$ cat data-v2.cif   # mmCIF, N, CA and C atoms
data_entry
loop_
_atom_site.label_atom_id
_atom_site.label_comp_id
_atom_site.auth_asym_id
_atom_site.auth_seq_id
_atom_site.Cartn_x
_atom_site.Cartn_y
_atom_site.Cartn_z
N MET A 1325 -137.92 65.88 -115.78
CA MET A 1325 -137.45 64.96 -114.78
C MET A 1325 -137.82 65.54 -113.40
N THR A 1326 -138.37 64.72 -112.55
CA THR A 1326 -138.80 65.20 -111.24
C THR A 1326 -137.61 65.34 -110.30
N ALA A 1327 -137.80 66.12 -109.26
CA ALA A 1327 -136.73 66.36 -108.29
C ALA A 1327 -136.33 65.07 -107.58
N ALA A 1328 -137.29 64.22 -107.29
CA ALA A 1328 -136.98 62.96 -106.62
C ALA A 1328 -136.06 62.09 -107.47
N LEU A 1329 -136.29 62.07 -108.77
CA LEU A 1329 -135.45 61.29 -109.67
C LEU A 1329 -134.04 61.87 -109.73
N VAL A 1330 -133.93 63.19 -109.72
CA VAL A 1330 -132.61 63.83 -109.74
C VAL A 1330 -131.85 63.47 -108.46
N TRP A 1331 -132.51 63.57 -107.30
CA TRP A 1331 -131.87 63.20 -106.04
C TRP A 1331 -131.45 61.73 -106.06
N LEU A 1332 -132.30 60.87 -106.60
CA LEU A 1332 -132.00 59.45 -106.68
C LEU A 1332 -130.76 59.19 -107.54
N ILE A 1333 -130.69 59.83 -108.68
CA ILE A 1333 -129.54 59.66 -109.57
C ILE A 1333 -128.26 60.18 -108.91
N VAL A 1334 -128.36 61.35 -108.29
CA VAL A 1334 -127.19 61.91 -107.61
C VAL A 1334 -126.72 60.97 -106.49
N GLY A 1335 -127.67 60.44 -105.73
CA GLY A 1335 -127.32 59.52 -104.66
C GLY A 1335 -126.61 58.28 -105.16
N LEU A 1336 -127.13 57.70 -106.22
CA LEU A 1336 -126.51 56.49 -106.77
C LEU A 1336 -125.14 56.77 -107.36
N VAL A 1337 -124.98 57.91 -108.03
CA VAL A 1337 -123.68 58.27 -108.60
C VAL A 1337 -122.66 58.48 -107.48
N LEU A 1338 -123.06 59.15 -106.40
CA LEU A 1338 -122.15 59.34 -105.28
C LEU A 1338 -121.75 58.01 -104.65
N MET A 1339 -122.69 57.11 -104.52
CA MET A 1339 -122.38 55.79 -103.95
C MET A 1339 -121.42 55.01 -104.83
N MET A 1340 -121.60 55.11 -106.14
CA MET A 1340 -120.68 54.42 -107.05
C MET A 1340 -119.30 55.07 -107.02
N ALA A 1341 -119.26 56.38 -106.86
CA ALA A 1341 -117.97 57.08 -106.82
C ALA A 1341 -117.19 56.72 -105.56
N GLU A 1342 -117.88 56.29 -104.53
CA GLU A 1342 -117.21 55.89 -103.28
C GLU A 1342 -116.23 54.75 -103.52
N VAL A 1343 -116.51 53.92 -104.49
CA VAL A 1343 -115.61 52.80 -104.81
C VAL A 1343 -114.22 53.32 -105.16
N LEU A 1344 -114.15 54.49 -105.78
CA LEU A 1344 -112.86 55.05 -106.17
C LEU A 1344 -112.16 55.76 -105.02
N SER A 1345 -112.92 56.35 -104.10
CA SER A 1345 -112.28 57.14 -103.05
C SER A 1345 -111.98 56.32 -101.81
N GLY A 1346 -112.94 55.55 -101.31
CA GLY A 1346 -112.72 54.73 -100.13
C GLY A 1346 -112.63 55.50 -98.82
N ASP A 1347 -113.08 56.73 -98.79
CA ASP A 1347 -113.00 57.54 -97.57
C ASP A 1347 -114.29 57.55 -96.77
N PHE A 1348 -115.32 56.91 -97.23
CA PHE A 1348 -116.63 56.86 -96.57
C PHE A 1348 -117.30 58.24 -96.49
N VAL A 1349 -116.91 59.16 -97.36
CA VAL A 1349 -117.58 60.46 -97.41
C VAL A 1349 -118.66 60.43 -98.47
N LEU A 1350 -118.30 59.98 -99.66
CA LEU A 1350 -119.26 59.99 -100.76
C LEU A 1350 -120.42 59.04 -100.50
N ILE A 1351 -120.18 57.95 -99.81
CA ILE A 1351 -121.28 57.03 -99.50
C ILE A 1351 -122.25 57.69 -98.55
N MET A 1352 -121.74 58.48 -97.61
CA MET A 1352 -122.61 59.20 -96.67
C MET A 1352 -123.44 60.24 -97.41
N LEU A 1353 -122.80 60.96 -98.33
CA LEU A 1353 -123.55 61.96 -99.11
C LEU A 1353 -124.54 61.28 -100.05
N GLY A 1354 -124.18 60.12 -100.56
CA GLY A 1354 -125.10 59.37 -101.43
C GLY A 1354 -126.34 58.92 -100.67
N VAL A 1355 -126.16 58.42 -99.46
CA VAL A 1355 -127.30 58.01 -98.64
C VAL A 1355 -128.15 59.23 -98.29
N ALA A 1356 -127.50 60.35 -97.98
CA ALA A 1356 -128.24 61.58 -97.69
C ALA A 1356 -129.04 62.04 -98.91
N ALA A 1357 -128.48 61.88 -100.10
CA ALA A 1357 -129.20 62.24 -101.32
C ALA A 1357 -130.42 61.33 -101.52
N LEU A 1358 -130.31 60.08 -101.13
CA LEU A 1358 -131.47 59.19 -101.21
C LEU A 1358 -132.56 59.66 -100.24
N PHE A 1359 -132.17 60.13 -99.06
CA PHE A 1359 -133.15 60.71 -98.15
C PHE A 1359 -133.75 61.97 -98.74
N GLY A 1360 -132.92 62.76 -99.44
CA GLY A 1360 -133.42 63.95 -100.14
C GLY A 1360 -134.43 63.56 -101.21
N ALA A 1361 -134.19 62.44 -101.88
CA ALA A 1361 -135.15 61.94 -102.87
C ALA A 1361 -136.46 61.57 -102.20
N GLY A 1362 -136.37 60.98 -101.00
CA GLY A 1362 -137.58 60.67 -100.25
C GLY A 1362 -138.33 61.93 -99.87
N GLY A 1363 -137.59 62.96 -99.46
CA GLY A 1363 -138.22 64.23 -99.13
C GLY A 1363 -138.88 64.86 -100.34
N ALA A 1364 -138.24 64.72 -101.49
CA ALA A 1364 -138.81 65.28 -102.73
C ALA A 1364 -140.05 64.50 -103.15
N ALA A 1365 -140.06 63.20 -102.90
CA ALA A 1365 -141.22 62.40 -103.27
C ALA A 1365 -142.41 62.72 -102.38
N LEU A 1366 -142.15 63.08 -101.12
CA LEU A 1366 -143.23 63.38 -100.19
C LEU A 1366 -143.74 64.81 -100.32
N THR A 1367 -142.85 65.74 -100.62
CA THR A 1367 -143.24 67.15 -100.75
C THR A 1367 -142.62 67.71 -102.02
N ASP A 1368 -143.15 68.82 -102.49
CA ASP A 1368 -142.57 69.51 -103.64
C ASP A 1368 -141.80 70.74 -103.19
N ASN A 1369 -141.44 70.78 -101.93
CA ASN A 1369 -140.77 71.93 -101.37
C ASN A 1369 -139.26 71.73 -101.42
N VAL A 1370 -138.56 72.58 -102.17
CA VAL A 1370 -137.11 72.46 -102.33
C VAL A 1370 -136.40 72.68 -101.00
N VAL A 1371 -136.92 73.55 -100.17
CA VAL A 1371 -136.30 73.82 -98.87
C VAL A 1371 -136.30 72.56 -98.01
N VAL A 1372 -137.40 71.82 -98.03
CA VAL A 1372 -137.49 70.58 -97.26
C VAL A 1372 -136.49 69.56 -97.79
N GLU A 1373 -136.38 69.43 -99.10
CA GLU A 1373 -135.45 68.47 -99.70
C GLU A 1373 -134.01 68.78 -99.29
N VAL A 1374 -133.63 70.04 -99.40
CA VAL A 1374 -132.26 70.45 -99.07
C VAL A 1374 -132.02 70.30 -97.56
N ALA A 1375 -133.01 70.63 -96.75
CA ALA A 1375 -132.87 70.50 -95.29
C ALA A 1375 -132.70 69.04 -94.90
N VAL A 1376 -133.48 68.14 -95.50
CA VAL A 1376 -133.35 66.70 -95.22
C VAL A 1376 -131.96 66.23 -95.62
N PHE A 1377 -131.52 66.63 -96.81
CA PHE A 1377 -130.19 66.25 -97.28
C PHE A 1377 -129.11 66.76 -96.32
N ALA A 1378 -129.21 68.01 -95.90
CA ALA A 1378 -128.19 68.61 -95.03
C ALA A 1378 -128.15 67.93 -93.67
N VAL A 1379 -129.32 67.71 -93.07
CA VAL A 1379 -129.36 67.09 -91.75
C VAL A 1379 -128.83 65.67 -91.79
N VAL A 1380 -129.27 64.90 -92.76
CA VAL A 1380 -128.81 63.50 -92.85
C VAL A 1380 -127.33 63.44 -93.19
N SER A 1381 -126.85 64.35 -94.04
CA SER A 1381 -125.42 64.38 -94.39
C SER A 1381 -124.57 64.64 -93.16
N VAL A 1382 -124.92 65.66 -92.41
CA VAL A 1382 -124.15 66.00 -91.21
C VAL A 1382 -124.20 64.86 -90.20
N ALA A 1383 -125.39 64.30 -90.00
CA ALA A 1383 -125.53 63.21 -89.03
C ALA A 1383 -124.68 62.00 -89.44
N LEU A 1384 -124.73 61.64 -90.69
CA LEU A 1384 -123.95 60.48 -91.14
C LEU A 1384 -122.45 60.75 -91.10
N LEU A 1385 -122.03 61.96 -91.48
CA LEU A 1385 -120.60 62.27 -91.46
C LEU A 1385 -120.05 62.36 -90.05
N VAL A 1386 -120.85 62.85 -89.13
CA VAL A 1386 -120.38 63.00 -87.75
C VAL A 1386 -120.52 61.71 -86.96
N LEU A 1387 -121.61 60.99 -87.14
CA LEU A 1387 -121.87 59.79 -86.34
C LEU A 1387 -121.51 58.49 -87.06
N GLY A 1388 -121.88 58.38 -88.32
CA GLY A 1388 -121.71 57.11 -89.03
C GLY A 1388 -120.31 56.86 -89.56
N ARG A 1389 -119.67 57.89 -90.11
CA ARG A 1389 -118.37 57.72 -90.74
C ARG A 1389 -117.30 57.24 -89.76
N PRO A 1390 -117.16 57.84 -88.57
CA PRO A 1390 -116.13 57.34 -87.65
C PRO A 1390 -116.33 55.87 -87.26
N ALA A 1391 -117.57 55.47 -87.08
CA ALA A 1391 -117.85 54.08 -86.72
C ALA A 1391 -117.48 53.15 -87.88
N LEU A 1392 -117.81 53.54 -89.10
CA LEU A 1392 -117.46 52.72 -90.26
C LEU A 1392 -115.95 52.63 -90.45
N LYS A 1393 -115.25 53.74 -90.25
CA LYS A 1393 -113.80 53.71 -90.40
C LYS A 1393 -113.16 52.79 -89.37
N ARG A 1394 -113.64 52.83 -88.13
CA ARG A 1394 -113.10 51.93 -87.11
C ARG A 1394 -113.37 50.48 -87.48
N ARG A 1395 -114.55 50.23 -88.00
CA ARG A 1395 -114.95 48.85 -88.31
C ARG A 1395 -114.18 48.27 -89.48
N PHE A 1396 -114.05 49.05 -90.56
CA PHE A 1396 -113.48 48.50 -91.78
C PHE A 1396 -111.99 48.78 -91.95
N LEU A 1397 -111.51 49.89 -91.45
CA LEU A 1397 -110.11 50.23 -91.67
C LEU A 1397 -109.23 49.90 -90.49
N GLY A 1398 -109.82 49.69 -89.34
CA GLY A 1398 -109.03 49.38 -88.15
C GLY A 1398 -108.51 47.97 -88.14
N GLY A 1399 -109.19 47.11 -88.81
CA GLY A 1399 -108.77 45.73 -88.78
C GLY A 1399 -109.21 45.04 -87.54
N PRO A 1400 -109.17 43.71 -87.54
CA PRO A 1400 -109.66 42.97 -86.39
C PRO A 1400 -108.65 42.84 -85.27
N GLY A 1401 -107.44 43.33 -85.48
CA GLY A 1401 -106.43 43.19 -84.45
C GLY A 1401 -105.88 41.78 -84.35
N THR A 1402 -105.89 41.06 -85.44
CA THR A 1402 -105.39 39.69 -85.46
C THR A 1402 -103.87 39.69 -85.38
N ARG A 1403 -103.35 38.92 -84.45
CA ARG A 1403 -101.90 38.78 -84.35
C ARG A 1403 -101.43 37.81 -85.42
N THR A 1404 -100.28 38.11 -86.01
CA THR A 1404 -99.74 37.26 -87.07
C THR A 1404 -98.28 36.94 -86.79
N ASN A 1405 -97.75 36.03 -87.57
CA ASN A 1405 -96.35 35.62 -87.50
C ASN A 1405 -95.99 35.17 -86.09
N THR A 1406 -94.85 35.60 -85.58
CA THR A 1406 -94.42 35.14 -84.26
C THR A 1406 -95.28 35.72 -83.14
N ASP A 1407 -95.91 36.88 -83.36
CA ASP A 1407 -96.81 37.44 -82.34
C ASP A 1407 -97.96 36.49 -82.04
N ALA A 1408 -98.40 35.75 -83.03
CA ALA A 1408 -99.52 34.82 -82.83
C ALA A 1408 -99.12 33.61 -81.98
N LEU A 1409 -97.83 33.35 -81.86
CA LEU A 1409 -97.37 32.19 -81.09
C LEU A 1409 -97.23 32.48 -79.61
N ILE A 1410 -97.14 33.74 -79.23
CA ILE A 1410 -96.99 34.09 -77.82
C ILE A 1410 -98.27 33.72 -77.08
N GLY A 1411 -98.09 32.96 -76.00
CA GLY A 1411 -99.22 32.47 -75.23
C GLY A 1411 -99.69 31.09 -75.68
N ALA A 1412 -99.13 30.59 -76.77
CA ALA A 1412 -99.52 29.26 -77.28
C ALA A 1412 -98.90 28.17 -76.41
N ARG A 1413 -99.55 27.01 -76.43
CA ARG A 1413 -99.03 25.85 -75.71
C ARG A 1413 -98.16 25.02 -76.63
N ALA A 1414 -97.15 24.42 -76.04
CA ALA A 1414 -96.24 23.56 -76.79
C ALA A 1414 -95.87 22.38 -75.89
N VAL A 1415 -95.26 21.36 -76.50
CA VAL A 1415 -94.84 20.17 -75.76
C VAL A 1415 -93.33 20.02 -75.94
N VAL A 1416 -92.65 19.81 -74.82
CA VAL A 1416 -91.20 19.64 -74.84
C VAL A 1416 -90.89 18.27 -75.47
N ILE A 1417 -89.97 18.26 -76.46
CA ILE A 1417 -89.58 16.98 -77.06
C ILE A 1417 -88.14 16.61 -76.73
N SER A 1418 -87.32 17.58 -76.32
CA SER A 1418 -86.00 17.28 -75.74
C SER A 1418 -85.77 18.29 -74.62
N THR A 1419 -85.11 17.87 -73.58
CA THR A 1419 -84.97 18.67 -72.36
C THR A 1419 -84.63 20.12 -72.67
N VAL A 1420 -85.39 21.02 -72.04
CA VAL A 1420 -85.21 22.46 -72.26
C VAL A 1420 -84.75 23.09 -70.95
N ASP A 1421 -83.65 23.86 -71.01
CA ASP A 1421 -83.22 24.63 -69.86
C ASP A 1421 -82.82 26.03 -70.33
N ALA A 1422 -82.43 26.88 -69.39
CA ALA A 1422 -82.14 28.28 -69.73
C ALA A 1422 -80.77 28.43 -70.39
N GLU A 1423 -79.83 27.53 -70.12
CA GLU A 1423 -78.47 27.68 -70.64
C GLU A 1423 -78.32 27.11 -72.04
N SER A 1424 -78.57 25.81 -72.19
CA SER A 1424 -78.31 25.17 -73.48
C SER A 1424 -79.55 25.01 -74.35
N GLY A 1425 -80.70 25.28 -73.80
CA GLY A 1425 -81.93 25.19 -74.58
C GLY A 1425 -82.38 23.77 -74.80
N GLY A 1426 -83.22 23.59 -75.80
CA GLY A 1426 -83.77 22.29 -76.12
C GLY A 1426 -84.75 22.43 -77.29
N ARG A 1427 -85.64 21.46 -77.43
CA ARG A 1427 -86.59 21.47 -78.55
C ARG A 1427 -88.01 21.31 -78.02
N ILE A 1428 -88.95 22.01 -78.70
CA ILE A 1428 -90.37 21.88 -78.39
C ILE A 1428 -91.14 21.70 -79.68
N LYS A 1429 -92.33 21.14 -79.56
CA LYS A 1429 -93.25 21.04 -80.70
C LYS A 1429 -94.29 22.13 -80.51
N LEU A 1430 -94.26 23.12 -81.41
CA LEU A 1430 -95.12 24.29 -81.31
C LEU A 1430 -95.86 24.48 -82.63
N ALA A 1431 -97.17 24.45 -82.57
CA ALA A 1431 -98.01 24.66 -83.76
C ALA A 1431 -97.64 23.72 -84.90
N GLY A 1432 -97.31 22.49 -84.55
CA GLY A 1432 -97.01 21.48 -85.56
C GLY A 1432 -95.57 21.49 -86.05
N ASP A 1433 -94.75 22.43 -85.59
CA ASP A 1433 -93.36 22.52 -86.01
C ASP A 1433 -92.45 22.33 -84.81
N VAL A 1434 -91.23 21.90 -85.08
CA VAL A 1434 -90.22 21.76 -84.03
C VAL A 1434 -89.44 23.07 -83.95
N TRP A 1435 -89.39 23.63 -82.74
CA TRP A 1435 -88.69 24.89 -82.49
C TRP A 1435 -87.58 24.67 -81.48
N SER A 1436 -86.52 25.49 -81.62
CA SER A 1436 -85.54 25.53 -80.53
C SER A 1436 -86.16 26.37 -79.43
N ALA A 1437 -85.84 26.01 -78.19
CA ALA A 1437 -86.46 26.71 -77.06
C ALA A 1437 -85.49 26.80 -75.91
N ARG A 1438 -85.75 27.77 -75.04
CA ARG A 1438 -85.02 27.86 -73.78
C ARG A 1438 -86.02 28.22 -72.69
N SER A 1439 -85.67 27.81 -71.48
CA SER A 1439 -86.56 28.01 -70.35
C SER A 1439 -86.47 29.46 -69.87
N LEU A 1440 -87.57 29.98 -69.41
CA LEU A 1440 -87.62 31.34 -68.87
C LEU A 1440 -86.92 31.42 -67.53
N SER A 1441 -87.06 30.37 -66.73
CA SER A 1441 -86.48 30.39 -65.38
C SER A 1441 -85.11 29.74 -65.38
N GLU A 1442 -84.15 30.41 -64.74
CA GLU A 1442 -82.78 29.91 -64.62
C GLU A 1442 -82.74 28.68 -63.71
N GLY A 1443 -81.91 27.72 -64.04
CA GLY A 1443 -81.71 26.56 -63.19
C GLY A 1443 -82.88 25.59 -63.16
N HIS A 1444 -83.84 25.75 -64.05
CA HIS A 1444 -85.01 24.87 -64.06
C HIS A 1444 -85.08 24.24 -65.43
N SER A 1445 -85.01 22.91 -65.47
CA SER A 1445 -85.09 22.23 -66.76
C SER A 1445 -86.49 21.62 -66.93
N LEU A 1446 -86.91 21.56 -68.16
CA LEU A 1446 -88.23 21.02 -68.50
C LEU A 1446 -88.02 19.71 -69.24
N GLU A 1447 -88.61 18.65 -68.73
CA GLU A 1447 -88.41 17.31 -69.28
C GLU A 1447 -89.34 17.06 -70.48
N PRO A 1448 -88.96 16.12 -71.37
CA PRO A 1448 -89.82 15.78 -72.51
C PRO A 1448 -91.22 15.36 -72.07
N GLY A 1449 -92.22 15.80 -72.82
CA GLY A 1449 -93.61 15.50 -72.52
C GLY A 1449 -94.29 16.59 -71.69
N THR A 1450 -93.51 17.52 -71.16
CA THR A 1450 -94.06 18.61 -70.35
C THR A 1450 -94.75 19.63 -71.27
N THR A 1451 -95.92 20.07 -70.85
CA THR A 1451 -96.63 21.10 -71.60
C THR A 1451 -96.14 22.46 -71.10
N VAL A 1452 -95.76 23.33 -72.05
CA VAL A 1452 -95.24 24.65 -71.71
C VAL A 1452 -96.03 25.73 -72.44
N THR A 1453 -95.85 26.96 -71.99
CA THR A 1453 -96.47 28.12 -72.63
C THR A 1453 -95.36 29.00 -73.19
N VAL A 1454 -95.55 29.49 -74.41
CA VAL A 1454 -94.57 30.37 -75.04
C VAL A 1454 -94.74 31.77 -74.45
N VAL A 1455 -93.66 32.29 -73.89
CA VAL A 1455 -93.68 33.61 -73.27
C VAL A 1455 -93.24 34.68 -74.27
N GLU A 1456 -92.23 34.36 -75.07
CA GLU A 1456 -91.77 35.29 -76.10
C GLU A 1456 -91.02 34.51 -77.16
N ILE A 1457 -90.82 35.15 -78.30
CA ILE A 1457 -90.01 34.57 -79.37
C ILE A 1457 -88.79 35.48 -79.50
N SER A 1458 -87.62 34.90 -79.31
CA SER A 1458 -86.37 35.65 -79.40
C SER A 1458 -85.59 35.10 -80.59
N GLY A 1459 -85.65 35.80 -81.71
CA GLY A 1459 -85.03 35.30 -82.94
C GLY A 1459 -85.78 34.07 -83.41
N ALA A 1460 -85.06 32.93 -83.48
CA ALA A 1460 -85.69 31.67 -83.88
C ALA A 1460 -85.87 30.75 -82.68
N THR A 1461 -85.82 31.32 -81.47
CA THR A 1461 -85.94 30.53 -80.26
C THR A 1461 -87.16 30.96 -79.47
N ALA A 1462 -87.92 29.98 -79.04
CA ALA A 1462 -89.08 30.25 -78.21
C ALA A 1462 -88.67 30.21 -76.74
N VAL A 1463 -89.01 31.25 -76.01
CA VAL A 1463 -88.76 31.29 -74.57
C VAL A 1463 -90.02 30.77 -73.91
N VAL A 1464 -89.90 29.70 -73.12
CA VAL A 1464 -91.07 29.01 -72.58
C VAL A 1464 -91.05 28.95 -71.07
N ALA A 1465 -92.22 28.77 -70.50
CA ALA A 1465 -92.38 28.58 -69.06
C ALA A 1465 -93.29 27.38 -68.86
N ALA A 1466 -93.03 26.62 -67.81
CA ALA A 1466 -93.85 25.46 -67.50
C ALA A 1466 -95.23 25.91 -67.09
N GLU A 1467 -96.23 25.15 -67.50
CA GLU A 1467 -97.61 25.46 -67.09
C GLU A 1467 -97.80 25.03 -65.65
N PRO A 1468 -98.59 25.78 -64.90
CA PRO A 1468 -98.81 25.41 -63.49
C PRO A 1468 -99.59 24.14 -63.34
#

$ encode --input "data-v2.cif" --output "structure tokens"
Amino acid sequence: MTAALVWLIVGLVLMMAEVLSGDFVLIMLGVAALFGAGGAALTDNVVVEVAVFAVVSVALLVLGRPALKRRFLGGPGTRTNTDALIGARAVVISTVDAESGGRIKLAGDVWSARSLSEGHSLEPGTTVTVVEISGATAVVAAEP
């Protein structure tokens, strides 16, 4: 069996093993082994093969792995649940004030709401912005 074939097999095995670990280390070593296979195919010098493997491994682990971890494990930063409603627009369906509250239509649902500003009531049909969610009540402010 030639050295290039051995490097190729090692690279593929490492890449498959990455499925079990999920740390992005084995995939980097697997790709480096594929480069080592390329070095073995071009030369019969073991020192060149190992040097190519070492350089590519270090480069991928230092430069590639952190970028991949940020991309795949960091998540897109999508807001969910009530956090996703902050900043959303809603329409007042019954008068909303700071003391007794009222009702708004927010994201297709009817929510209890209260006004952010004291002494200011919002009439039905007014478009408002959700400033925060306090329990099951949306705190809203009139749009300018």

$ closest_residue --input "data-v2.cif" --among "A:Gly1432, A:Val1415, A:Leu1332, A:Ala1437" --to "Thr1451 (chain A)" --atoms "only N, CA and C atoms"
A:Val1415

$ resolve_selection --input "data-v2.cif" --expression "the PyMOL selection byres ((chain A and resi 1344-1350) around 8)" --output "PyMOL selection string"
chain A and resi 1335+1337-1343+1351-1356+1384-1385+1388-1390+1392-1393

$ resolve_selection --input "data-v2.cif" --expression "the PyMOL selection byres ((chain A and resi 1460-1468) around 6)" --output "VMD selection string"
chain A and resid 1435 to 1440 1451 to 1459

$ select_by_dssp --input "data-v2.cif" --residues "chain A" --states "strand (DSSP E)" --output "ChimeraX atom specification"
/A:1413-1418,1426-1430,1433-1439,1451-1458,1461-1466

$ residues_around --input "data-v2.cif" --residues "Ile1417 (chain A)" --least-positions-apart "3" --cutoff "6.5 Å" --atoms "only N, CA and C atoms" --output "CSV table (one decimal) with N, CA and C atoms, keeping the file's coordinate frame"
chain,number,residue,atom,x,y,z
A,1427,ARG,N,-85.6,21.5,-77.4
A,1427,ARG,CA,-86.6,21.5,-78.6
A,1427,ARG,C,-88.0,21.3,-78.0
A,1428,ILE,N,-89.0,22.0,-78.7
A,1428,ILE,CA,-90.4,21.9,-78.4
A,1428,ILE,C,-91.1,21.7,-79.7
A,1429,LYS,N,-92.3,21.1,-79.6
A,1429,LYS,CA,-93.2,21.0,-80.7
A,1429,LYS,C,-94.3,22.1,-80.5
A,1447,GLU,N,-88.6,18.6,-68.7
A,1447,GLU,CA,-88.4,17.3,-69.3
A,1447,GLU,C,-89.3,17.1,-70.5
A,1448,PRO,N,-89.0,16.1,-71.4
A,1448,PRO,CA,-89.8,15.8,-72.5
A,1448,PRO,C,-91.2,15.4,-72.1
A,1449,GLY,N,-92.2,15.8,-72.8
A,1449,GLY,CA,-93.6,15.5,-72.5
A,1449,GLY,C,-94.3,16.6,-71.7
A,1450,THR,N,-93.5,17.5,-71.2
A,1450,THR,CA,-94.1,18.6,-70.4
A,1450,THR,C,-94.8,19.6,-71.3

$ resolve_selection --input "data-v2.cif" --expression "the PyMOL selection byres ((chain A and resi 1442) around 7)" --output "NGL selection string"
:A and (1421-1423 or 1439-1441 or 1443-1445)

$ select_by_dssp --input "data-v2.cif" --residues "region 1351-1451 of chain A" --states "helix (DSSP H, G or I)" --output "ChimeraX atom specification"
/A:1351-1366,1370-1397,1405-1409

$ atom_distance --input "data-v2.cif" --atom1 "atom N of Glu1373 (chain A)" --atom2 "atom C of Gly1360 (chain A)"
6.5 Å

$ decode --input "data-v2.cif" --residues "region 1325-1379 of chain A" --atoms "C-alpha atoms" --output "PDB file, in the first residue's frame"
ATOM      1  CA  MET A1325       0.000   0.000   0.000  1.00  0.00           C
ATOM      2  CA  THR A1326       1.447   3.375  -0.953  1.00  0.00           C
ATOM      3  CA  ALA A1327       1.948   6.202   1.523  1.00  0.00           C
ATOM      4  CA  ALA A1328      -0.582   8.393  -0.282  1.00  0.00           C
ATOM      5  CA  LEU A1329      -3.260   5.735   0.149  1.00  0.00           C
ATOM      6  CA  VAL A1330      -2.456   5.407   3.856  1.00  0.00           C
ATOM      7  CA  TRP A1331      -2.730   9.194   4.323  1.00  0.00           C
ATOM      8  CA  LEU A1332      -6.005   9.166   2.382  1.00  0.00           C
ATOM      9  CA  ILE A1333      -7.494   6.411   4.539  1.00  0.00           C
ATOM     10  CA  VAL A1334      -6.353   8.101   7.750  1.00  0.00           C
ATOM     11  CA  GLY A1335      -7.851  11.391   6.585  1.00  0.00           C
ATOM     12  CA  LEU A1336     -11.207   9.848   5.756  1.00  0.00           C
ATOM     13  CA  VAL A1337     -11.337   7.904   9.033  1.00  0.00           C
ATOM     14  CA  LEU A1338     -10.604  11.078  11.000  1.00  0.00           C
ATOM     15  CA  MET A1339     -13.312  12.957   9.127  1.00  0.00           C
ATOM     16  CA  MET A1340     -15.835  10.215   9.852  1.00  0.00           C
ATOM     17  CA  ALA A1341     -14.812  10.153  13.513  1.00  0.00           C
ATOM     18  CA  GLU A1342     -15.603  13.869  13.723  1.00  0.00           C
ATOM     19  CA  VAL A1343     -19.291  12.951  13.580  1.00  0.00           C
ATOM     20  CA  LEU A1344     -18.905  11.389  17.029  1.00  0.00           C
ATOM     21  CA  SER A1345     -16.858  14.153  18.649  1.00  0.00           C
ATOM     22  CA  GLY A1346     -18.232  17.399  17.197  1.00  0.00           C
ATOM     23  CA  ASP A1347     -15.246  19.448  18.393  1.00  0.00           C
ATOM     24  CA  PHE A1348     -13.922  20.356  14.925  1.00  0.00           C
ATOM     25  CA  VAL A1349     -10.507  18.891  15.801  1.00  0.00           C
ATOM     26  CA  LEU A1350     -10.675  15.573  13.994  1.00  0.00           C
ATOM     27  CA  ILE A1351     -12.037  17.195  10.840  1.00  0.00           C
ATOM     28  CA  MET A1352      -9.049  19.558  10.814  1.00  0.00           C
ATOM     29  CA  LEU A1353      -6.636  16.654  11.246  1.00  0.00           C
ATOM     30  CA  GLY A1354      -8.502  14.712   8.557  1.00  0.00           C
ATOM     31  CA  VAL A1355      -8.148  17.564   6.072  1.00  0.00           C
ATOM     32  CA  ALA A1356      -4.466  17.872   6.997  1.00  0.00           C
ATOM     33  CA  ALA A1357      -4.050  14.138   6.354  1.00  0.00           C
ATOM     34  CA  LEU A1358      -5.565  14.625   2.902  1.00  0.00           C
ATOM     35  CA  PHE A1359      -2.934  17.305   2.267  1.00  0.00           C
ATOM     36  CA  GLY A1360      -0.349  14.803   3.524  1.00  0.00           C
ATOM     37  CA  ALA A1361      -1.707  12.342   0.955  1.00  0.00           C
ATOM     38  CA  GLY A1362      -1.190  15.005  -1.700  1.00  0.00           C
ATOM     39  CA  GLY A1363       2.376  15.496  -0.506  1.00  0.00           C
ATOM     40  CA  ALA A1364       2.950  11.751  -0.635  1.00  0.00           C
ATOM     41  CA  ALA A1365       1.537  11.560  -4.153  1.00  0.00           C
ATOM     42  CA  LEU A1366       3.864  14.325  -5.335  1.00  0.00           C
ATOM     43  CA  THR A1367       7.020  13.160  -3.540  1.00  0.00           C
ATOM     44  CA  ASP A1368       8.244   9.963  -1.910  1.00  0.00           C
ATOM     45  CA  ASN A1369       9.848  11.898   0.904  1.00  0.00           C
ATOM     46  CA  VAL A1370       8.383  11.056   4.330  1.00  0.00           C
ATOM     47  CA  VAL A1371       9.744  14.283   5.815  1.00  0.00           C
ATOM     48  CA  VAL A1372       7.794  16.343   3.261  1.00  0.00           C
ATOM     49  CA  GLU A1373       4.593  14.386   3.952  1.00  0.00           C
ATOM     50  CA  VAL A1374       4.866  14.854   7.710  1.00  0.00           C
ATOM     51  CA  ALA A1375       5.838  18.533   7.326  1.00  0.00           C
ATOM     52  CA  VAL A1376       2.817  19.202   5.082  1.00  0.00           C
ATOM     53  CA  PHE A1377       0.564  17.406   7.558  1.00  0.00           C
ATOM     54  CA  ALA A1378       2.005  19.344  10.520  1.00  0.00           C
ATOM     55  CA  VAL A1379       1.818  22.767   8.877  1.00  0.00           C
TER      56      VAL A1379
END
